[in-house]
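One structure is given below, encoded as structure tokens.
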Amino acid sequence: MTDIDLSPLTVVYRGLTPQQALRLSAALHEAGMRSFEVTMTGDRPMETIALLCRELPGDALIGAGTVSTPEQVTASAAAGARFVVSPHFDAQVVERTRREGLLSVPGAFTPTEIMSARNAGADVVKVFPINAVGADYLRQLRGPMPDLEVMASGGVTPTLAAEVVAAGAKCVAVGHHLLGADPDGGFDPGELRDRTAEFLQAAGATS
């Protein structure tokens with residue numbers, strides 16, 4: 001097990017340039033966000049990870065998302081990532097993540113997939129897509145697996161965030177419901193602050 005611990009709320013970036021991600025991350029950090037996931041499907045993800053690690057305050061936790069190969073894990077670690085998230089479970093990706101000393105968060109959905117991910121060494125299991133089944137699915141899973149640590153991801157709204165946390169989710173990943181749909185990473189500072197505060201409260205990240 002790693003000593004890295006995910007924040008209750010992680011923001012997920014897709015398709016942003018490094019500079020767009022940095023501007024957005026600086027505003028989000030000021031609003032209280034502490035965990036940032038840069039997906040491999042974005043523009044120059046390793047450059048983005050390295051830039052965020054270098055420029056954001058030390059309490060910011062930067063990770064890599066949509067990781068599908070061991071080689072991406074190694075590159076992410078070299079760029080400064082502290083956690084690795086996948087939409088699926090791949091034992092080789094989990095093994096490389098643990099070898100690099102990073103937090104392993106593979107995606108899984110069925111009980112069999114979830115148990116396989118845990119047995120392979122996953123620190124947290126990303127249940128994705130959570131909006132397809134709702135919070136009660138987590139409640140049912142945690143009956144026979146009471147110590148299951150879950151990241152709930154996929155179409156998460158503030159309402160769903162509050163529901164999955166109440167059902168036992170350790171943390172929540174959010175994307176366009178927080179960031180909006182502006183393709184160039186533009187944002188209104190006031191609206192972003194308000195949405196961030198709403199999500200942080202829903203995820204239990206504020207008192």
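Naming works like this for the structure tokens: A, B, ... for the chains as they're shown, residue 1 at the start of each chain, ligands 1 onward in shown order.
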I'd like a table as CSV: residues in segment 25-105 of chain A with an atom no more than 8 Å from segment 117-139 of chain A, each row giving the shortest atom pair and its distance in Å to one decimal, only C-alpha atoms counted, sorted by chain and rising residue number.
residue,atom,partner,partner_atom,distance
A:Val85,CA,A:Lys126,CA,7.7
A:Ser86,CA,A:Lys126,CA,7.9
A:Pro87,CA,A:Phe128,CA,7.0
A:Phe89,CA,A:Ala117,CA,6.2
A:Asp90,CA,A:Ala117,CA,7.9
A:Ala91,CA,A:Ala120,CA,6.1
A:Val94,CA,A:Ala122,CA,6.4
A:Glu95,CA,A:Gly121,CA,7.3
A:Arg98,CA,A:Gly121,CA,7.6
A:Leu103,CA,A:Asp123,CA,6.2
A:Ser104,CA,A:Ala122,CA,5.1
A:Val105,CA,A:Val124,CA,4.9
- Message: Can you pull out every residue from segment 105-204 of chain A that DSSP, working from the backbone, puts in alpha helix (DSSP H), and format the result as a ChimeraX atom specification?
- Response: /A:111-120,135-141,158-166,176-179,189-202
- Item | A:Glu149, A:Asp184, A:Glu113, A:Glu163 ranked by distance to Pro18 of chain A, top pick (using only C-alpha atoms) |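 So, comparing all the options, the nearest one is A:Asp184.
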- Item | Nearest-residue call for Gly15 of chain A, choices A:His176, A:Arg142, A:Lys170, A:His29, using only C-alpha atoms |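 Smallest separation from Gly15 of chain A among the options: A:His176.
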- Query: Between A:Ile4, A:Cys171, A:Thr17, A:Gly42, which one has atoms that come closest to Val84 of chain A, using only C-alpha atoms?
  - Reply: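 Comparing A:Ile4, A:Cys171, A:Thr17, A:Gly42 against Val84 of chain A, the winner is A:Ile4.
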- Per DSSP on the backbone, what are the strand (DSSP E) residues of chain A, as number ranges by chain? A: 9-13, 35-39, 61-65, 83-85, 103-105, 107-108, 125-127, 150-153, 171-174
- Query: Could you name the residues that touch segment 25-27 of chain A at 10 Å or less, counting only C-alpha atoms, but leaving out those on the same chain fewer than 2 positions away, as a VMD selection string?
  - Reply: chain A and resid 11 13 19 to 23 29 to 36 52 55 to 57 60 187 to 190 192 to 193 196
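If you look at atom CA of Ala64 of chain A and atom CA of Ala166 of chain A, they are 26.5 Å away from each other.
Between atom CA of Pro8 of chain A and atom CA of Ser153 of chain A lies a distance of 12.1 Å.
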